[in-house]
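Chemist: Hey, dropping work.cif in here, mmCIF, C-alpha atoms and all ligand atoms:
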```
data_entry
loop_
_atom_site.label_atom_id
_atom_site.label_comp_id
_atom_site.auth_asym_id
_atom_site.auth_seq_id
_atom_site.Cartn_x
_atom_site.Cartn_y
_atom_site.Cartn_z
CA MET Y 11 0.00 0.00 0.00
CA ILE Y 12 1.33 3.48 -0.69
CA ASP Y 13 1.48 6.45 1.64
CA MET Y 14 -0.32 9.45 0.19
CA ALA Y 15 0.27 11.67 3.20
CA ASP Y 16 2.39 14.01 1.09
CA ALA Y 17 0.04 14.06 -1.86
CA PRO Y 18 -0.88 17.58 -2.95
CA MET Y 19 -4.15 18.91 -1.61
CA PRO Y 20 -6.60 20.14 -4.27
CA THR Y 21 -7.61 23.73 -3.64
CA THR Y 22 -10.02 23.80 -0.75
CA SER Y 23 -11.36 27.30 -0.99
CA VAL Y 24 -14.66 28.03 0.71
CA SER Y 25 -16.37 28.28 -2.67
CA ARG Y 26 -15.02 24.86 -3.61
CA MET Y 27 -16.20 23.39 -0.32
CA LEU Y 28 -19.64 24.94 -0.79
CA HIS Y 29 -19.75 23.40 -4.26
CA LEU Y 30 -18.88 19.96 -2.86
CA TYR Y 31 -21.52 20.42 -0.16
CA ARG Y 32 -24.14 21.30 -2.76
CA GLU Y 33 -23.25 18.24 -4.88
CA MET Y 34 -23.48 15.90 -1.88
CA LEU Y 35 -26.71 17.48 -0.66
CA LEU Y 36 -28.25 17.10 -4.12
CA ILE Y 37 -27.59 13.36 -4.04
CA ARG Y 38 -28.84 13.01 -0.45
CA ARG Y 39 -32.08 14.91 -1.02
CA PHE Y 40 -32.63 13.34 -4.44
CA GLU Y 41 -32.52 9.89 -2.89
CA GLU Y 42 -34.64 10.81 0.12
CA ARG Y 43 -37.25 12.04 -2.32
CA CYS Y 44 -36.91 8.86 -4.41
CA ASN Y 45 -37.51 6.79 -1.32
CA ALA Y 46 -40.71 8.72 -0.51
CA LEU Y 47 -41.89 8.41 -4.13
CA PHE Y 48 -41.09 4.70 -4.10
CA LEU Y 49 -43.21 4.23 -0.98
CA GLN Y 50 -46.04 6.10 -2.74
CA GLY Y 51 -45.81 3.58 -5.58
CA LYS Y 52 -44.66 6.17 -8.13
CA ILE Y 53 -41.30 4.50 -8.79
CA PRO Y 54 -41.48 0.92 -10.03
CA SER Y 55 -38.79 -1.74 -9.46
CA THR Y 56 -36.44 -1.37 -6.51
CA LEU Y 57 -33.96 1.19 -5.20
CA HIS Y 58 -30.49 0.82 -3.72
CA LEU Y 59 -29.76 4.12 -2.04
CA TYR Y 60 -26.34 5.72 -1.66
CA ILE Y 61 -27.20 7.64 1.51
CA GLY Y 62 -24.05 8.06 3.61
CA GLN Y 63 -21.58 7.37 0.78
CA GLU Y 64 -21.97 10.66 -1.13
CA ALA Y 65 -18.45 11.89 -0.35
CA VAL Y 66 -16.94 9.10 -2.44
CA ALA Y 67 -18.61 9.84 -5.78
CA VAL Y 68 -18.53 13.61 -5.25
CA GLY Y 69 -14.89 13.62 -4.17
CA VAL Y 70 -13.81 11.50 -7.14
CA SER Y 71 -15.89 13.33 -9.75
CA SER Y 72 -14.77 16.72 -8.45
CA VAL Y 73 -11.29 15.97 -9.82
CA LEU Y 74 -12.40 14.32 -13.07
CA ARG Y 75 -12.90 16.11 -16.37
CA GLU Y 76 -16.20 16.04 -18.19
CA ASP Y 77 -14.68 13.81 -20.90
CA ASP Y 78 -13.52 11.21 -18.35
CA TYR Y 79 -15.71 8.19 -17.67
CA VAL Y 80 -17.29 6.56 -14.63
CA LEU Y 81 -19.03 3.20 -14.32
CA GLY Y 82 -21.49 2.88 -11.45
CA THR Y 83 -22.95 -0.12 -9.65
CA HIS Y 84 -26.39 -1.32 -8.55
CA ARG Y 85 -26.23 1.72 -6.17
CA PRO Y 86 -25.60 4.25 -8.95
CA HIS Y 87 -27.60 7.44 -8.38
CA GLY Y 88 -24.70 9.17 -6.64
CA HIS Y 89 -22.14 8.00 -9.19
CA GLY Y 90 -24.26 9.41 -12.03
CA LEU Y 91 -25.39 12.68 -10.44
CA ALA Y 92 -21.84 13.50 -9.32
CA LYS Y 93 -20.60 12.99 -12.91
CA GLY Y 94 -23.25 15.34 -14.25
CA VAL Y 95 -26.29 13.26 -15.20
CA SER Y 96 -29.25 15.63 -15.11
CA PRO Y 97 -31.55 15.13 -12.10
CA ASP Y 98 -34.52 15.54 -14.49
CA ALA Y 99 -33.36 12.70 -16.74
CA MET Y 100 -32.45 10.49 -13.80
CA MET Y 101 -35.77 11.05 -12.03
CA ALA Y 102 -37.67 10.42 -15.28
CA GLU Y 103 -35.71 7.18 -15.68
CA LEU Y 104 -36.76 6.09 -12.19
CA PHE Y 105 -40.36 6.82 -13.18
CA ALA Y 106 -39.80 4.68 -16.35
CA LYS Y 107 -40.64 7.66 -18.55
CA VAL Y 108 -39.53 8.16 -22.14
CA THR Y 109 -37.54 11.29 -21.17
CA GLY Y 110 -35.40 9.24 -18.80
CA CYS Y 111 -31.65 8.97 -19.32
CA CYS Y 112 -32.17 5.40 -20.66
CA LYS Y 113 -35.50 6.32 -22.27
CA GLY Y 114 -37.35 4.63 -19.42
CA LYS Y 115 -35.99 1.18 -20.23
CA GLY Y 116 -33.29 0.85 -17.59
CA GLY Y 117 -34.62 2.11 -14.28
CA SER Y 118 -32.66 2.76 -11.12
CA MET Y 119 -29.88 0.21 -11.58
CA HIS Y 120 -28.89 1.34 -15.08
CA VAL Y 121 -28.88 5.14 -14.92
CA GLY Y 122 -26.19 6.94 -16.89
CA ASP Y 123 -25.58 9.37 -19.72
CA MET Y 124 -22.63 8.94 -22.08
CA SER Y 125 -22.75 12.62 -23.04
CA VAL Y 126 -21.35 13.43 -19.56
CA GLY Y 127 -19.13 10.37 -19.33
CA ALA Y 128 -21.42 8.29 -17.11
CA PHE Y 129 -21.78 4.81 -18.58
CA PRO Y 130 -25.21 3.31 -17.93
CA ALA Y 131 -24.68 1.61 -14.56
CA ILE Y 132 -24.30 -2.15 -14.32
CA ALA Y 133 -26.15 -4.08 -11.61
CA ILE Y 134 -24.21 -7.32 -12.03
CA VAL Y 135 -21.84 -6.98 -9.09
CA GLY Y 136 -18.25 -6.48 -10.32
CA ALA Y 137 -19.17 -6.63 -14.00
CA ASN Y 138 -18.37 -2.98 -14.59
CA ALA Y 139 -14.65 -3.42 -13.81
CA PRO Y 140 -13.69 -5.20 -17.07
CA ILE Y 141 -15.77 -2.67 -19.02
CA ALA Y 142 -13.85 0.12 -17.28
CA ALA Y 143 -10.61 -1.57 -18.33
CA GLY Y 144 -11.96 -1.73 -21.89
CA SER Y 145 -12.90 1.94 -21.79
CA ALA Y 146 -9.41 2.80 -20.55
CA LEU Y 147 -7.84 0.64 -23.27
CA SER Y 148 -9.93 2.51 -25.83
CA ALA Y 149 -8.67 5.88 -24.52
CA LYS Y 150 -5.10 4.62 -24.63
CA MET Y 151 -5.46 3.30 -28.19
CA ARG Y 152 -7.10 6.56 -29.32
CA GLY Y 153 -4.22 8.49 -27.78
CA THR Y 154 -6.36 10.61 -25.47
CA ASP Y 155 -5.53 11.19 -21.81
CA GLN Y 156 -9.06 10.39 -20.59
CA VAL Y 157 -9.34 8.25 -17.48
CA THR Y 158 -12.06 5.81 -16.43
CA VAL Y 159 -13.30 5.12 -12.91
CA ALA Y 160 -14.92 1.82 -11.86
CA TYR Y 161 -16.83 1.83 -8.58
CA PHE Y 162 -17.57 -1.41 -6.74
CA GLY Y 163 -18.27 -2.50 -3.18
CA GLU Y 164 -16.12 -4.63 -0.90
CA GLY Y 165 -18.41 -7.52 -1.87
CA GLY Y 166 -17.82 -6.79 -5.54
CA ALA Y 167 -14.06 -6.78 -4.88
CA ASN Y 168 -14.28 -10.57 -4.52
CA GLU Y 169 -15.77 -11.12 -7.97
CA GLY Y 170 -13.50 -12.83 -10.49
CA ALA Y 171 -14.24 -10.14 -13.05
CA VAL Y 172 -12.75 -7.48 -10.75
CA HIS Y 173 -9.55 -9.47 -10.23
CA GLU Y 174 -9.20 -10.05 -13.98
CA ALA Y 175 -9.81 -6.40 -14.76
CA MET Y 176 -7.26 -5.19 -12.21
CA ASN Y 177 -4.64 -7.64 -13.46
CA MET Y 178 -5.13 -6.68 -17.09
CA ALA Y 179 -5.22 -2.96 -16.29
CA ALA Y 180 -1.92 -3.24 -14.44
CA VAL Y 181 -0.25 -5.32 -17.16
CA LEU Y 182 -1.36 -2.91 -19.90
CA ARG Y 183 -0.85 0.19 -17.70
CA LEU Y 184 -4.38 1.34 -18.42
CA PRO Y 185 -5.68 4.74 -17.26
CA VAL Y 186 -8.30 3.35 -14.91
CA ILE Y 187 -9.02 4.02 -11.23
CA PHE Y 188 -10.63 1.20 -9.26
CA VAL Y 189 -12.65 2.69 -6.41
CA CYS Y 190 -13.75 0.11 -3.86
CA GLU Y 191 -16.44 1.60 -1.60
CA ASN Y 192 -16.04 -0.48 1.54
CA ASN Y 193 -19.30 0.12 3.41
CA LEU Y 194 -18.63 -2.95 5.61
CA TYR Y 195 -21.59 -5.06 4.38
CA GLY Y 196 -22.33 -6.76 1.06
CA ALA Y 197 -26.12 -6.68 1.45
CA SER Y 198 -26.35 -8.42 4.87
CA THR Y 199 -22.89 -10.05 4.86
CA PRO Y 200 -20.18 -8.41 7.01
CA VAL Y 201 -16.89 -7.90 5.22
CA SER Y 202 -15.08 -9.96 7.87
CA GLN Y 203 -16.96 -13.05 6.68
CA VAL Y 204 -15.77 -12.75 3.09
CA VAL Y 205 -12.38 -11.03 3.23
CA ALA Y 206 -9.46 -12.46 5.23
CA ILE Y 207 -7.17 -9.41 5.08
CA ALA Y 208 -7.40 -6.06 6.88
CA GLN Y 209 -7.77 -3.83 3.83
CA ILE Y 210 -8.82 -4.61 0.28
CA ALA Y 211 -6.31 -2.00 -0.94
CA ASP Y 212 -3.56 -4.40 0.19
CA ARG Y 213 -4.45 -6.54 -2.83
CA ALA Y 214 -3.15 -3.84 -5.17
CA ALA Y 215 0.45 -4.93 -4.58
CA ALA Y 216 -0.36 -8.37 -5.94
CA TYR Y 217 -1.45 -6.84 -9.25
CA GLY Y 218 1.40 -4.34 -9.39
CA MET Y 219 -0.42 -1.08 -8.83
CA PRO Y 220 -0.60 1.43 -5.97
CA GLY Y 221 -3.29 0.80 -3.37
CA VAL Y 222 -4.52 3.39 -0.91
CA VAL Y 223 -7.10 3.49 1.88
CA VAL Y 224 -9.00 6.74 2.33
CA ASP Y 225 -11.64 8.01 4.73
CA GLY Y 226 -14.57 7.79 2.33
CA ASN Y 227 -16.69 10.11 4.46
CA ASP Y 228 -14.26 12.99 4.01
CA VAL Y 229 -14.93 14.49 0.60
CA ILE Y 230 -11.75 16.61 0.60
CA GLU Y 231 -9.58 13.60 1.40
CA VAL Y 232 -11.28 11.53 -1.29
CA ALA Y 233 -10.65 14.31 -3.82
CA ARG Y 234 -7.01 14.56 -2.76
CA VAL Y 235 -6.30 10.85 -3.11
CA ALA Y 236 -8.32 10.56 -6.33
CA SER Y 237 -6.49 13.47 -7.94
CA VAL Y 238 -3.14 11.75 -7.37
CA ALA Y 239 -4.44 8.52 -8.94
CA ILE Y 240 -6.02 10.36 -11.85
CA GLU Y 241 -2.93 12.38 -12.67
CA ARG Y 242 -0.86 9.20 -12.49
CA ALA Y 243 -3.23 7.50 -14.94
CA ARG Y 244 -3.17 10.52 -17.28
CA ARG Y 245 0.63 10.42 -17.35
CA GLY Y 246 0.39 6.84 -18.65
CA GLU Y 247 1.60 5.25 -15.41
CA GLY Y 248 -1.36 2.93 -15.05
CA PRO Y 249 -4.14 2.10 -12.60
CA THR Y 250 -4.62 2.66 -8.86
CA LEU Y 251 -6.87 0.87 -6.39
CA ILE Y 252 -8.51 3.24 -3.91
CA GLU Y 253 -10.41 1.75 -0.98
CA ALA Y 254 -12.81 4.30 0.47
CA MET Y 255 -14.00 3.39 3.97
CA THR Y 256 -17.63 4.41 4.33
CA TYR Y 257 -21.04 3.28 5.56
CA ARG Y 258 -24.51 3.01 4.07
CA LEU Y 259 -26.80 5.10 6.34
CA CYS Y 260 -29.84 3.26 4.96
CA GLY Y 261 -30.95 -0.27 4.15
CA HIS Y 262 -29.39 -2.30 1.34
CA SER Y 263 -32.54 -1.96 -0.77
CA ARG Y 264 -36.27 -1.80 -0.07
CA SER Y 265 -37.60 -3.37 3.13
CA ASP Y 266 -34.26 -3.94 4.84
CA ALA Y 267 -34.56 -3.72 8.64
CA CYS Y 268 -30.73 -3.96 8.95
CA GLY Y 269 -30.92 -6.82 11.45
CA TYR Y 270 -27.32 -7.76 10.62
CA ARG Y 271 -25.85 -4.65 12.28
CA THR Y 272 -26.37 -2.88 15.59
CA ARG Y 273 -28.14 0.42 16.21
CA GLU Y 274 -25.04 1.52 18.15
CA GLU Y 275 -22.83 0.99 15.10
CA GLU Y 276 -25.28 2.95 12.97
CA ALA Y 277 -25.27 5.80 15.50
CA GLU Y 278 -21.47 5.90 15.45
CA TRP Y 279 -21.45 6.24 11.68
CA ARG Y 280 -24.22 8.86 11.73
CA GLU Y 281 -21.75 10.98 13.72
CA LYS Y 282 -19.41 10.65 10.73
CA ASP Y 283 -22.08 11.56 8.15
CA PRO Y 284 -20.10 13.22 5.32
CA LEU Y 285 -22.61 16.05 4.97
CA VAL Y 286 -22.64 16.85 8.68
CA ARG Y 287 -18.85 16.79 8.70
CA LEU Y 288 -18.48 19.16 5.76
CA ALA Y 289 -21.17 21.47 7.19
CA HIS Y 290 -19.19 21.56 10.43
CA GLN Y 291 -15.95 22.33 8.57
CA LEU Y 292 -17.71 25.10 6.67
CA THR Y 293 -19.33 26.76 9.68
CA THR Y 294 -16.37 26.69 12.06
CA GLY Y 295 -12.79 27.93 11.95
CA MET Y 296 -11.09 30.91 10.38
CA GLN Y 297 -13.09 31.07 7.17
CA ALA Y 298 -16.45 30.07 8.66
CA VAL Y 299 -19.45 30.77 6.47
CA ASP Y 300 -22.77 31.88 7.88
CA LYS Y 301 -25.27 29.07 8.30
CA THR Y 302 -27.61 30.95 5.97
CA ALA Y 303 -25.25 30.00 3.11
CA LEU Y 304 -26.02 26.33 3.79
CA ASP Y 305 -29.76 27.12 4.11
CA GLU Y 306 -29.65 28.76 0.69
CA ILE Y 307 -28.06 25.63 -0.79
CA GLU Y 308 -30.74 23.53 0.91
CA ASN Y 309 -33.48 25.66 -0.67
CA GLU Y 310 -31.80 25.60 -4.08
CA VAL Y 311 -31.46 21.80 -3.95
CA THR Y 312 -35.11 21.40 -2.91
CA ARG Y 313 -36.20 23.53 -5.87
CA ARG Y 314 -33.99 21.48 -8.22
CA ILE Y 315 -35.53 18.22 -7.03
CA ASP Y 316 -39.08 19.63 -7.19
CA GLN Y 317 -38.31 20.49 -10.81
CA ALA Y 318 -37.00 16.98 -11.53
CA VAL Y 319 -40.10 15.35 -10.03
CA ALA Y 320 -42.42 17.67 -11.95
CA PHE Y 321 -40.51 16.88 -15.15
CA ALA Y 322 -40.75 13.13 -14.52
CA GLU Y 323 -44.43 13.26 -13.64
CA ALA Y 324 -45.31 15.30 -16.71
CA SER Y 325 -43.33 13.06 -19.09
CA PRO Y 326 -45.00 10.36 -21.18
CA SER Y 327 -44.43 6.64 -20.75
CA PRO Y 328 -42.75 4.80 -23.65
CA GLU Y 329 -45.04 3.23 -26.23
CA PRO Y 330 -45.01 -0.58 -26.54
CA GLU Y 331 -43.57 -0.28 -30.05
CA ASP Y 332 -40.53 1.57 -28.57
CA ALA Y 333 -39.39 -1.66 -26.91
CA LEU Y 334 -37.01 -2.62 -29.73
CA LEU Y 335 -35.72 0.93 -30.32
CA HIS Y 336 -32.38 2.13 -28.88
CA VAL Y 337 -31.51 -1.32 -27.64
CA PHE Y 338 -28.23 -1.21 -29.53
CA TRP Y 339 -26.15 1.92 -29.96
CA GLU Y 340 -25.84 3.01 -33.56
CA ASN Y 341 -23.08 5.25 -34.82
CA THR Y 342 -25.25 7.58 -36.92
C1 LIG W 1 -22.87 -11.16 -9.79
C2 LIG W 1 -23.94 -10.79 -8.82
N1 LIG W 1 -24.15 -11.54 -7.72
C3 LIG W 1 -25.10 -11.19 -6.83
C4 LIG W 1 -25.88 -10.10 -7.03
C5 LIG W 1 -26.94 -9.69 -6.02
N2 LIG W 1 -26.47 -8.56 -5.24
C6 LIG W 1 -26.87 -7.30 -5.53
S1 LIG W 1 -26.13 -6.17 -4.55
C7 LIG W 1 -25.28 -7.35 -3.72
C8 LIG W 1 -24.33 -6.95 -2.61
C9 LIG W 1 -23.13 -6.27 -3.16
O1 LIG W 1 -22.29 -5.84 -2.11
P1 LIG W 1 -21.15 -4.80 -2.38
O2 LIG W 1 -20.45 -5.13 -3.65
O3 LIG W 1 -20.31 -4.72 -1.15
O4 LIG W 1 -21.92 -3.43 -2.64
P2 LIG W 1 -22.93 -2.65 -1.69
O5 LIG W 1 -24.28 -3.28 -1.86
O6 LIG W 1 -22.41 -2.74 -0.30
O7 LIG W 1 -22.92 -1.25 -2.21
C10 LIG W 1 -25.57 -8.60 -4.20
C11 LIG W 1 -24.98 -9.86 -3.67
C12 LIG W 1 -25.65 -9.34 -8.21
N3 LIG W 1 -26.38 -8.24 -8.48
N4 LIG W 1 -24.67 -9.68 -9.07
#
```
How does this structure look as structure tokens?
Modeler:
Amino acid sequence: MIDMADAPMPTTSVSRMLHLYREMLLIRRFEERCNALFLQGKIPSTLHLYIGQEAVAVGVSSVLREDDYVLGTHRPHGHGLAKGVSPDAMMAELFAKVTGCCKGKGGSMHVGDMSVGAFPAIAIVGANAPIAAGSALSAKMRGTDQVTVAYFGEGGANEGAVHEAMNMAAVLRLPVIFVCENNLYGASTPVSQVVAIAQIADRAAAYGMPGVVVDGNDVIEVARVASVAIERARRGEGPTLIEAMTYRLCGHSRSDACGYRTREEEAEWREKDPLVRLAHQLTTGMQAVDKTALDEIENEVTRRIDQAVAFAEASPSPEPEDALLHVFWENT
């Protein structure tokens, strides 16, 4: 594992921190609204919420370029929104409307928009990692310096596809960043039951790439570590495995009473809520902002989500004859 203690800190001006706060709050409130709409029966299928993990996707995307790529998981709303997928198009997708980012055919677990570099998410655990390696190989062969990020959980880290992708990426020195979001449970299974080593990032050495553990609830730290990995990849020096330690402050999916973990553990992690932490950083210290600045962001985010819900509700459903359209991408 490598020590990134001396890695350069991306600029952490107040305006940048407020921007990161807004991005994380958008994801949090978007998903809280989705959950309410799901319970009202307005969103079909199921939902895997990202509540508590927002600092990972926001920190990583804050140091990506628009023409870089990300590949999300079955828990993809945060990955997509942080990369720039429109809340309108994502909400419409969750409503299975024709204006959705996958034209209403994908639903929650497949949201994405290639025009902002967000591949449609892949719900087969670990299956996005080889595609990320392929995307990175494509960038390398085209001679661009674009990088690709693959997100997966600590459960996904045990999938054969992830091992294969990391090995190939290291051998070919591909510009890909593997971001393992270790939220301690793969659905109901504690990580200690499926991983025999202390940190998944330790595996990086076996592939021949740097591995680093980061506090995944600290958006500034995530951005700092990600920027080092991204710049390394852009220079042609190959992949990095980042393990972001975090916690899902919600159930795995619908109707999860979280019987596999204690209320005390949940309370401990609520204290480390990435939004609460950043709000605290912003409202204390030398450059403290007035709390009204955060209230304004809250109001702005609420209006943005109201707009997305109104857009989704007003949008038409696909017609049955649309079923065979846009199934394959055509280079027209
Ligand atoms: C290949 C595969 N196996 C099983 C599942 C069912 N499944 C969906 S989510 C999940 C847990 C994944 O855990 P982890 O990768 O740690 O991600 P997290 O849910 O914690 O975000 C499982 C087993 C699946 N979607 N794909």
Chemist: Using only C-alpha atoms and all ligand atoms, find each residue of chain Y with at least one atom at most 6 Å away from an atom of ligand LIG 1 (chain W); report its shortest atom-to-atom pair and that distance in Å (one decimal), sort the rows by chain and rising residue number, and return the result as JSON lines.
Modeler:
```
{"residue": "Y:Arg85", "atom": "CA", "partner": "W:LIG1", "partner_atom": "O7", "distance": 6.0}
{"residue": "Y:Ala133", "atom": "CA", "partner": "W:LIG1", "partner_atom": "N3", "distance": 5.2}
{"residue": "Y:Ile134", "atom": "CA", "partner": "W:LIG1", "partner_atom": "N4", "distance": 3.8}
{"residue": "Y:Val135", "atom": "CA", "partner": "W:LIG1", "partner_atom": "N4", "distance": 3.9}
{"residue": "Y:Phe162", "atom": "CA", "partner": "W:LIG1", "partner_atom": "O2", "distance": 5.6}
{"residue": "Y:Gly163", "atom": "CA", "partner": "W:LIG1", "partner_atom": "O2", "distance": 3.4}
{"residue": "Y:Glu164", "atom": "CA", "partner": "W:LIG1", "partner_atom": "O3", "distance": 4.2}
{"residue": "Y:Gly165", "atom": "CA", "partner": "W:LIG1", "partner_atom": "O3", "distance": 3.5}
{"residue": "Y:Gly166", "atom": "CA", "partner": "W:LIG1", "partner_atom": "O2", "distance": 3.6}
{"residue": "Y:Asn193", "atom": "CA", "partner": "W:LIG1", "partner_atom": "O6", "distance": 5.6}
{"residue": "Y:Tyr195", "atom": "CA", "partner": "W:LIG1", "partner_atom": "O6", "distance": 5.3}
{"residue": "Y:Gly196", "atom": "CA", "partner": "W:LIG1", "partner_atom": "O1", "distance": 3.3}
{"residue": "Y:Ala197", "atom": "CA", "partner": "W:LIG1", "partner_atom": "C8", "distance": 4.4}
```
Chemist: Taking the point (-3.9, 13.0, -24.5) as given in the file, collect each protein or nucleic acid residue that comes within 12 Å of it, counting only C-alpha atoms, and present the set as a PyMOL selection string.
Modeler: chain Y and resi 77-78+149-157+185+241+243-246
Chemist: Near Ala143 (chain Y), within 10 Å and counting all atoms listed in the file, which residues show up once chain neighbours fewer than 4 positions away are dropped, as a list in words?
Modeler: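 Listed by chain and then number, they are Asn138, Ala139, Leu147, Ser148, Ala149, Val157, Thr158, Val159, Ala160, Val172, Glu174, Ala175, Met176, Asn177, Met178, Ala179, Ala180, Leu182, Arg183, Leu184, Pro185, Val186, Ile187, Phe188 and Pro249 of chain Y.
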Chemist: CA of Val108 (chain Y) and CA of Pro328 (chain Y), how far apart in Å?
Modeler: 4.9 Å
Chemist: If we count only C-alpha atoms and set the cut-off at 12 Å, which residues sit around Val299 (chain Y), ignoring sequence neighbours fewer than 2 positions away in its own chain? Please answer as an MDAnalysis selection string.
Modeler: chainID Y and resid 23:25 27:28 288:297 301:306
Chemist: Can you write out the residues you just picked, keeping C-alpha atoms, as a compact mmCIF listing (two decimals), in the coordinates of the input?
Modeler:
```txt
# COMPACT_ATOMS: atom_id res chain seq x y z
CA SER Y 23 -11.36 27.30 -0.99
CA VAL Y 24 -14.66 28.03 0.71
CA SER Y 25 -16.37 28.28 -2.67
CA MET Y 27 -16.20 23.39 -0.32
CA LEU Y 28 -19.64 24.94 -0.79
CA LEU Y 288 -18.48 19.16 5.76
CA ALA Y 289 -21.17 21.47 7.19
CA HIS Y 290 -19.19 21.56 10.43
CA GLN Y 291 -15.95 22.33 8.57
CA LEU Y 292 -17.71 25.10 6.67
CA THR Y 293 -19.33 26.76 9.68
CA THR Y 294 -16.37 26.69 12.06
CA GLY Y 295 -12.79 27.93 11.95
CA MET Y 296 -11.09 30.91 10.38
CA GLN Y 297 -13.09 31.07 7.17
CA LYS Y 301 -25.27 29.07 8.30
CA THR Y 302 -27.61 30.95 5.97
CA ALA Y 303 -25.25 30.00 3.11
CA LEU Y 304 -26.02 26.33 3.79
CA ASP Y 305 -29.76 27.12 4.11
CA GLU Y 306 -29.65 28.76 0.69
```
Chemist: What does the distance between CA of Leu81 (chain Y) and CA of Ser125 (chain Y) come to in Å, to one decimal place?
Modeler: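 If I compute the distance from CA of Leu81 (chain Y) to CA of Ser125 (chain Y), I get 13.4 Å.
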Chemist: Name the closest residue to Tyr60 (chain Y) among the candidates Y:Thr22, Y:Ser72, Y:Ser263, Y:Thr312; distances are taken between atoms, counting all atoms listed in the file.
Modeler: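 Closest to Tyr60 (chain Y) of all the choices is Y:Ser263.
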Chemist: Considering only C-alpha atoms, can you say which of Y:Leu59, Y:Cys111, Y:Met219, Y:Leu194 comes closest to Ala46 (chain Y)?
Modeler: Y:Leu59
Chemist: May I have the residues within 10 Å of Ile230 (chain Y) as a PyMOL selection string, using all atoms listed in the file and disregarding those fewer than 6 positions away in the same chain?
Modeler: chain Y and resi 19-22+26-27+30+65-66+68-70+72+236+288
Chemist: Any idea what the distance is between CA of Glu340 (chain Y) and CA of Gly117 (chain Y)?
Modeler: 21.2 Å
Chemist: Which residue gives the smallest distance to Leu251 (chain Y) among Y:Val232, Y:Ala171, Y:Cys268, Y:Ala215, with only C-alpha atoms counted?
Modeler: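 The shortest atom-to-atom distance to Leu251 (chain Y) comes from Y:Ala215.
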Chemist: For each of Y:Ala233, Y:Pro330, Y:Phe338, Y:Ile252, take the minimum atom-to-atom distance to Gly114 (chain Y), counting all atoms listed in the file, then give the residue where this is smallest.
Modeler: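 Counting all atoms listed in the file, the residue closest to Gly114 (chain Y) is Y:Pro330.
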